[in-house]
$ cat upload33.txt   # compact mmCIF, C-alpha atoms
# COMPACT_ATOMS: atom_id res chain seq x y z
CA MET A 1 -26.57 -10.26 6.13
CA ARG A 2 -24.75 -13.46 5.25
CA GLU A 3 -22.48 -15.02 7.83
CA LEU A 4 -18.98 -15.25 6.36
CA SER A 5 -16.88 -15.57 9.48
CA GLY A 6 -16.67 -19.37 9.27
CA VAL A 7 -16.06 -19.52 5.52
CA ALA A 8 -12.60 -20.48 4.19
CA GLU A 9 -10.56 -17.45 3.17
CA ALA A 10 -10.12 -18.55 -0.45
CA SER A 11 -13.91 -18.67 -0.85
CA VAL A 12 -14.32 -15.23 0.73
CA VAL A 13 -11.60 -13.88 -1.58
CA ALA A 14 -13.33 -15.41 -4.61
CA LEU A 15 -16.58 -13.69 -3.60
CA ALA A 16 -14.76 -10.37 -3.09
CA MET A 17 -13.10 -10.74 -6.49
CA ALA A 18 -16.57 -11.08 -7.99
CA GLY A 19 -17.50 -7.71 -6.44
CA ASP A 20 -19.16 -8.86 -3.20
CA ASP A 21 -18.84 -5.97 -0.70
CA ALA A 22 -19.70 -8.07 2.34
CA ALA A 23 -16.92 -10.50 1.42
CA PHE A 24 -14.41 -7.67 1.13
CA ARG A 25 -15.50 -6.31 4.52
CA GLU A 26 -14.92 -9.79 5.96
CA LEU A 27 -11.40 -9.81 4.48
CA VAL A 28 -10.72 -6.42 6.09
CA ARG A 29 -11.96 -7.76 9.42
CA ARG A 30 -9.76 -10.86 9.18
CA ARG A 31 -6.59 -9.16 8.02
CA GLN A 32 -6.68 -5.76 9.69
CA ALA A 33 -4.78 -6.67 12.88
CA TRP A 34 -1.98 -8.36 10.94
CA LEU A 35 -1.78 -5.55 8.39
CA ILE A 36 -1.74 -2.74 10.96
CA GLY A 37 0.95 -4.68 12.84
CA LEU A 38 3.05 -4.95 9.69
CA MET A 39 2.61 -1.26 8.85
CA ARG A 40 3.38 -0.27 12.44
CA ARG A 41 6.65 -2.20 12.32
CA LEU A 42 7.47 -0.62 8.97
CA SER A 43 6.46 2.94 9.80
CA GLY A 44 7.27 3.04 13.50
CA ASP A 45 4.13 5.07 14.18
CA GLY A 46 0.72 3.78 15.29
CA ALA A 47 -1.44 6.47 13.65
CA MET A 48 0.49 6.34 10.39
CA ALA A 49 0.26 2.54 10.46
CA GLU A 50 -3.56 2.70 10.48
CA ASP A 51 -3.59 5.23 7.66
CA LEU A 52 -1.20 3.13 5.57
CA ALA A 53 -3.17 -0.04 6.28
CA GLN A 54 -6.34 1.71 5.08
CA GLN A 55 -4.53 2.76 1.92
CA VAL A 56 -3.48 -0.85 1.41
CA PHE A 57 -7.07 -2.10 1.71
CA VAL A 58 -8.35 0.56 -0.69
CA GLN A 59 -5.59 -0.33 -3.15
CA ALA A 60 -6.42 -4.01 -2.70
CA TRP A 61 -10.09 -3.31 -3.40
CA ARG A 62 -9.13 -1.46 -6.59
CA SER A 63 -6.95 -4.22 -7.97
CA LEU A 64 -8.41 -7.37 -6.43
CA ARG A 65 -9.55 -8.62 -9.82
CA THR A 66 -5.95 -8.65 -11.09
CA MET A 67 -4.94 -11.26 -8.51
CA SER A 68 -4.00 -14.59 -10.07
CA SER A 69 -5.79 -16.90 -7.63
CA PRO A 70 -7.83 -16.53 -4.41
CA ALA A 71 -5.33 -18.81 -2.65
CA ALA A 72 -2.59 -16.24 -3.25
CA PHE A 73 -4.40 -13.53 -1.26
CA ALA A 74 -2.16 -13.34 1.81
CA GLY A 75 1.07 -12.97 -0.17
CA TRP A 76 -0.60 -10.64 -2.65
CA LEU A 77 -1.90 -8.37 0.14
CA ARG A 78 1.58 -8.28 1.69
CA GLN A 79 2.98 -7.23 -1.68
CA VAL A 80 0.39 -4.44 -1.94
CA ALA A 81 1.43 -3.34 1.56
CA VAL A 82 5.12 -3.28 0.61
CA ASN A 83 4.32 -1.28 -2.53
CA VAL A 84 2.27 1.27 -0.59
CA TRP A 85 5.05 1.60 1.98
CA LEU A 86 7.72 1.99 -0.74
CA GLN A 87 5.63 4.72 -2.40
CA GLU A 88 5.40 6.59 0.89
CA ALA A 89 9.13 6.17 1.44
CA ARG A 90 9.87 7.55 -2.05
CA ARG A 91 7.65 10.54 -1.32
CA GLY A 92 9.69 11.15 1.83
CA ARG A 93 6.70 10.78 4.13
CA LEU A 94 8.37 8.30 6.45
CA MET A 95 10.27 10.00 9.22
CA THR A 96 13.47 8.36 10.34
CA THR A 97 15.96 9.29 13.01
CA PRO A 98 19.63 9.30 11.96
CA ILE A 99 20.84 5.98 13.29
CA GLU A 100 24.33 7.21 14.21
CA ALA A 101 22.92 9.82 16.57
CA VAL A 102 20.57 7.33 18.16
CA GLU A 103 23.20 4.66 18.61
CA GLU A 104 25.56 7.07 20.28
CA SER A 105 23.01 8.25 22.80
CA ALA A 106 21.37 4.85 23.28
CA LEU A 107 24.59 2.99 23.79
CA GLY A 108 25.88 5.67 26.11
CA HIS A 109 22.97 5.44 28.55
CA SER A 110 22.06 2.02 29.79
CA GLU A 111 18.67 3.19 31.15
CA LEU A 112 17.62 4.48 27.77
CA ARG A 113 18.88 1.30 26.16
CA GLU A 114 16.77 -0.82 28.48
CA GLN A 115 13.68 1.21 27.72
CA LEU A 116 13.90 0.50 24.03
CA ASP A 117 11.53 -2.27 23.12
CA LEU A 118 11.46 -4.02 19.79
CA ALA A 119 8.97 -1.63 18.17
CA ARG A 120 10.89 1.46 19.20
CA ALA A 121 14.22 -0.04 18.22
CA LEU A 122 12.80 -0.97 14.81
CA ALA A 123 11.60 2.59 14.32
CA LEU A 124 15.17 3.77 14.75
CA LEU A 125 16.53 1.70 11.87
CA PRO A 126 16.97 3.36 8.46
CA ALA A 127 13.87 2.66 6.33
CA PRO A 128 15.38 0.14 3.86
CA GLU A 129 17.01 -1.87 6.67
CA ARG A 130 13.77 -1.84 8.62
CA LEU A 131 11.85 -3.10 5.61
CA CYS A 132 14.23 -6.01 5.02
CA VAL A 133 14.46 -6.95 8.71
CA VAL A 134 10.67 -6.89 9.14
CA LEU A 135 10.06 -8.95 6.02
CA ASN A 136 12.71 -11.44 7.07
CA TYR A 137 12.01 -11.76 10.80
CA ALA A 138 8.35 -10.82 11.23
CA GLU A 139 6.96 -12.05 7.93
CA GLY A 140 9.28 -15.02 7.51
CA LEU A 141 10.32 -14.16 3.95
CA SER A 142 13.60 -15.58 2.65
CA HIS A 143 16.21 -13.25 1.15
CA GLY A 144 15.09 -14.34 -2.32
CA GLU A 145 11.45 -13.56 -1.52
CA ILE A 146 12.44 -10.12 -0.21
CA VAL A 147 14.25 -9.48 -3.49
CA ALA A 148 11.02 -10.34 -5.33
CA ALA A 149 8.90 -8.20 -3.00
CA THR A 150 11.07 -5.10 -2.93
CA GLY A 151 13.00 -5.13 -6.18
CA LEU A 152 16.26 -4.64 -4.25
CA PRO A 153 19.36 -6.58 -5.37
CA LEU A 154 20.12 -9.77 -3.41
CA GLY A 155 23.40 -8.41 -2.02
CA THR A 156 21.65 -5.30 -0.74
CA VAL A 157 18.90 -7.36 0.90
CA LYS A 158 21.44 -9.59 2.64
CA SER A 159 23.43 -6.64 3.86
CA HIS A 160 20.30 -4.76 5.07
CA VAL A 161 19.08 -7.81 6.97
CA SER A 162 22.41 -8.56 8.59
CA ARG A 163 23.28 -4.93 9.40
CA GLY A 164 19.73 -4.17 10.55
CA ALA A 165 19.65 -7.22 12.82
CA ALA A 166 23.01 -6.30 14.31
CA ARG A 167 21.83 -2.75 14.97
CA LEU A 168 18.62 -4.01 16.54
CA ARG A 169 20.62 -6.23 18.87
CA ARG A 170 22.83 -3.31 19.84
CA LEU A 171 19.83 -1.02 20.38
CA LEU A 172 18.11 -3.67 22.46
CA GLY A 173 21.27 -4.04 24.51
CA GLU A 174 21.45 -7.78 23.88
CA ARG A 175 19.68 -8.06 27.21
CA ASP A 176 17.55 -11.03 26.15
CA ASP A 177 20.51 -13.15 25.19
CA GLY A 178 20.52 -16.80 26.24
CA MET B 1 25.81 -16.16 3.29
CA THR B 2 22.71 -18.21 4.12
CA ASP B 3 19.32 -17.06 5.36
CA GLU B 4 20.36 -17.77 8.96
CA LYS B 5 18.56 -15.67 11.54
CA ASP B 6 19.50 -14.28 14.90
CA PRO B 7 17.60 -16.60 17.33
CA VAL B 8 16.99 -13.88 19.94
CA LEU B 9 15.43 -11.52 17.42
CA THR B 10 13.42 -14.38 15.93
CA ARG B 11 11.97 -15.08 19.39
CA MET B 12 11.23 -11.42 20.03
CA PHE B 13 9.43 -10.98 16.71
CA ALA B 14 7.44 -14.18 17.27
CA ALA B 15 6.36 -12.97 20.71
CA GLU B 16 5.07 -9.64 19.36
CA ALA B 17 1.29 -9.45 19.24
CA ASP B 18 -0.58 -8.12 16.21
CA ALA B 19 -1.88 -4.59 16.51
CA GLU B 20 -5.41 -3.87 17.74
CA PRO B 21 -7.21 -1.72 15.19
CA THR B 22 -9.15 1.28 16.45
CA ALA B 23 -12.94 1.00 16.41
CA ALA B 24 -13.24 3.28 13.38
CA PHE B 25 -10.69 1.42 11.25
CA SER B 26 -12.92 -0.75 9.06
CA GLU B 27 -15.55 2.01 8.82
CA THR B 28 -12.85 4.40 7.51
CA VAL B 29 -11.81 1.79 4.92
CA ARG B 30 -15.45 1.48 3.86
CA ARG B 31 -15.84 5.27 3.56
CA ARG B 32 -12.63 5.57 1.53
CA ILE B 33 -13.90 2.92 -0.88
CA VAL B 34 -17.29 4.67 -1.16
CA THR B 35 -15.48 7.95 -1.97
CA LEU B 36 -13.37 6.18 -4.58
CA ARG B 37 -16.47 4.62 -6.14
CA ARG B 38 -18.19 8.01 -6.27
CA ARG B 39 -15.17 9.58 -7.98
CA ARG B 40 -15.05 6.77 -10.52
CA LEU B 41 -18.75 7.18 -11.24
CA LEU B 42 -18.37 10.94 -11.69
CA ALA B 43 -15.41 10.40 -14.00
CA LEU B 44 -17.43 7.88 -16.00
CA LEU B 45 -20.30 10.36 -16.28
CA ALA B 46 -17.86 13.06 -17.34
CA ALA B 47 -16.40 10.74 -19.99
CA THR B 48 -19.88 9.94 -21.27
CA ALA B 49 -20.87 13.62 -21.27
CA ALA B 50 -17.69 14.52 -23.17
CA ILE B 51 -18.98 12.90 -26.37
CA PRO B 52 -22.11 15.07 -26.86
CA ALA B 53 -20.12 18.09 -25.60
CA ALA B 54 -17.52 17.44 -28.26
CA ALA B 55 -20.27 17.01 -30.84
CA ALA B 56 -21.84 20.29 -29.73
CA LEU B 57 -18.50 22.06 -30.08
CA THR B 58 -17.90 20.45 -33.44
CA ALA B 59 -20.90 22.09 -35.12
CA PRO B 60 -19.70 25.70 -34.58
CA LEU B 61 -16.24 24.60 -35.71
CA PHE B 62 -17.69 23.27 -38.95
CA ALA B 63 -19.71 26.41 -39.41
CA THR B 64 -16.68 28.62 -38.87
CA ALA B 65 -14.60 26.51 -41.26
CA THR B 66 -17.36 26.73 -43.85
CA LEU B 67 -17.54 30.48 -43.52
CA LEU B 68 -13.80 30.79 -43.83
CA GLY B 69 -13.48 28.12 -46.50
CA GLY B 70 -16.17 29.20 -48.93
CA SER B 71 -19.63 28.04 -49.98
CA GLU B 72 -18.96 24.34 -50.51
CA GLY B 73 -20.67 23.39 -47.23
CA TRP B 74 -19.14 21.86 -44.13
CA LEU B 75 -18.78 18.40 -45.65
CA ALA B 76 -16.35 19.89 -48.12
CA SER B 77 -14.03 20.97 -45.37
CA PRO B 78 -11.79 18.02 -44.38
CA ALA B 79 -9.89 20.25 -41.99
CA ALA B 80 -13.05 21.03 -40.04
CA MET B 81 -14.04 17.35 -40.03
CA ALA B 82 -10.61 16.36 -38.73
CA ALA B 83 -10.71 19.09 -36.09
CA GLY B 84 -14.15 17.98 -34.90
CA VAL B 85 -13.30 14.28 -34.75
CA GLY B 86 -9.96 15.08 -33.11
CA LEU B 87 -11.65 17.23 -30.50
CA ALA B 88 -14.24 14.56 -29.71
CA LEU B 89 -11.57 11.86 -29.42
CA GLY B 90 -9.29 14.10 -27.38
CA LEU B 91 -11.98 14.98 -24.86
CA THR B 92 -13.05 11.35 -24.53
CA VAL B 93 -9.50 10.04 -24.08
CA ALA B 94 -8.67 12.78 -21.57
CA SER B 95 -11.77 12.00 -19.50
CA ARG B 96 -11.13 8.27 -19.60
CA SER B 97 -7.50 8.60 -18.57
CA ARG B 98 -8.52 10.88 -15.71
CA MET B 99 -11.01 8.23 -14.65
CA ARG B 100 -8.32 5.52 -14.76
CA ARG B 101 -5.98 7.64 -12.61
CA ARG B 102 -8.69 7.79 -9.96
$ encode --input "upload33.txt" --output "structure tokens"
Amino acid sequence: MRELSGVAEASVVALAMAGDDAAFRELVRRRQAWLIGLMRRLSGDGAMAEDLAQQVFVQAWRSLRTMSSPAAFAGWLRQVAVNVWLQEARRGRLMTTPIEAVEESALGHSELREQLDLARALALLPAPERLCVVLNYAEGLSHGEIVAATGLPLGTVKSHVSRGAARLRRLLGERDDG
Amino acid sequence: MTDEKDPVLTRMFAAEADAEPTAAFSETVRRRIVTLRRRRLLALLAATAAIPAAAALTAPLFATATLLGGSEGWLASPAAMAAGVGLALGLTVASRSRMRRR
């Protein structure tokens, strides 16, 4: 078997685009941790995150040839991930806890508040807010790039990011301030 | 409003490690792709098989149309020709679109 681990990603992507299975496996190996992390933040569930990440890779394999350039792979794969997640959200397969109920109980009990780590707090955000916050804070996308990735209007993106961030801070108890 | 970020959240997100995939993760991806490939192949075979199947169905249609239409022979029956060609095209298009959906 050829050794691809030291090869530049754009070259591996080009090979995968030409139908090379080993190259695609190498891309899965390189990107799986990042992708599962992204899907875990978006779905708030470890098992679902793996399943969604697998769906993303299968979808990527199906449409890899439609990608404009091998250099665009990272952003393109993120877009596939967002699309898969949006499809699941539209089908109602993403479970969310009503934020009002959570905030009331979380803010009322300091112990519970302290136990909430970032992943758990994220899982408590409404799905669209979570998506925008994750793309903005974890993926480093600007508001304009989130508009392009999600199809949401700019005003909605801005409001989701700002409201979601404020809720996260409240849920996390602002204990890490300073 | 600018793209300004909350510095505490920015730090927390930056400190988060990527997820560790389970041992079976990439193998499951591989199996899913193999299943998808198999389905595509079957759909392609079905689309290919649809053409002779349609042709086989067309002959009885012509014969029936001839019987109903008189003694001019099947070539004289444009309706039967159209039905046969339509059936062949329909079956092929249906199989191909099913293949694309997969």
$ residues_around --input "upload33.txt" --residues "Pro52 in chain B" --least-positions-apart "2" --cutoff "12 Å" --atoms "only C-alpha atoms" --output "PDB file with C-alpha atoms, keeping the file's coordinate frame"
ATOM      1  CA  LEU B  45     -20.300  10.360 -16.280  1.00  0.00           C
ATOM      2  CA  ALA B  46     -17.860  13.060 -17.340  1.00  0.00           C
ATOM      3  CA  ALA B  47     -16.400  10.740 -19.990  1.00  0.00           C
ATOM      4  CA  THR B  48     -19.880   9.940 -21.270  1.00  0.00           C
ATOM      5  CA  ALA B  49     -20.870  13.620 -21.270  1.00  0.00           C
ATOM      6  CA  ALA B  50     -17.690  14.520 -23.170  1.00  0.00           C
ATOM      7  CA  ALA B  54     -17.520  17.440 -28.260  1.00  0.00           C
ATOM      8  CA  ALA B  55     -20.270  17.010 -30.840  1.00  0.00           C
ATOM      9  CA  ALA B  56     -21.840  20.290 -29.730  1.00  0.00           C
ATOM     10  CA  LEU B  57     -18.500  22.060 -30.080  1.00  0.00           C
ATOM     11  CA  THR B  58     -17.900  20.450 -33.440  1.00  0.00           C
ATOM     12  CA  ALA B  59     -20.900  22.090 -35.120  1.00  0.00           C
ATOM     13  CA  GLY B  84     -14.150  17.980 -34.900  1.00  0.00           C
ATOM     14  CA  VAL B  85     -13.300  14.280 -34.750  1.00  0.00           C
ATOM     15  CA  LEU B  87     -11.650  17.230 -30.500  1.00  0.00           C
ATOM     16  CA  ALA B  88     -14.240  14.560 -29.710  1.00  0.00           C
ATOM     17  CA  LEU B  89     -11.570  11.860 -29.420  1.00  0.00           C
ATOM     18  CA  LEU B  91     -11.980  14.980 -24.860  1.00  0.00           C
ATOM     19  CA  THR B  92     -13.050  11.350 -24.530  1.00  0.00           C
TER      20      THR B  92
END
$ closest_residue --input "upload33.txt" --among "B:Leu9, B:Leu61, B:Ala23, B:Ile51" --to "Ala94 in chain B" --atoms "all atoms listed in the file"
B:Ile51
$ atom_distance --input "upload33.txt" --atom1 "CA of Leu38 in chain A" --atom2 "CA of Lys5 in chain B"
18.9 Å
$ interface_residues --input "upload33.txt" --of "chain A" --to "chain B" --cutoff "10 Å" --atoms "all atoms listed in the file" --output "number ranges by chain"
A: 21, 24-26, 28-29, 32-41, 46-47, 49-51, 53-59, 61-62, 117-119, 133-134, 136-144, 155, 158-159, 161-162, 165-166, 168-169, 172, 174-178
$ atom_distance --input "upload33.txt" --atom1 "CA of Cys132 in chain A" --atom2 "CA of Glu88 in chain A"
15.9 Å
$ atom_distance --input "upload33.txt" --atom1 "CA of Gly92 in chain A" --atom2 "CA of Pro126 in chain A"
12.6 Å
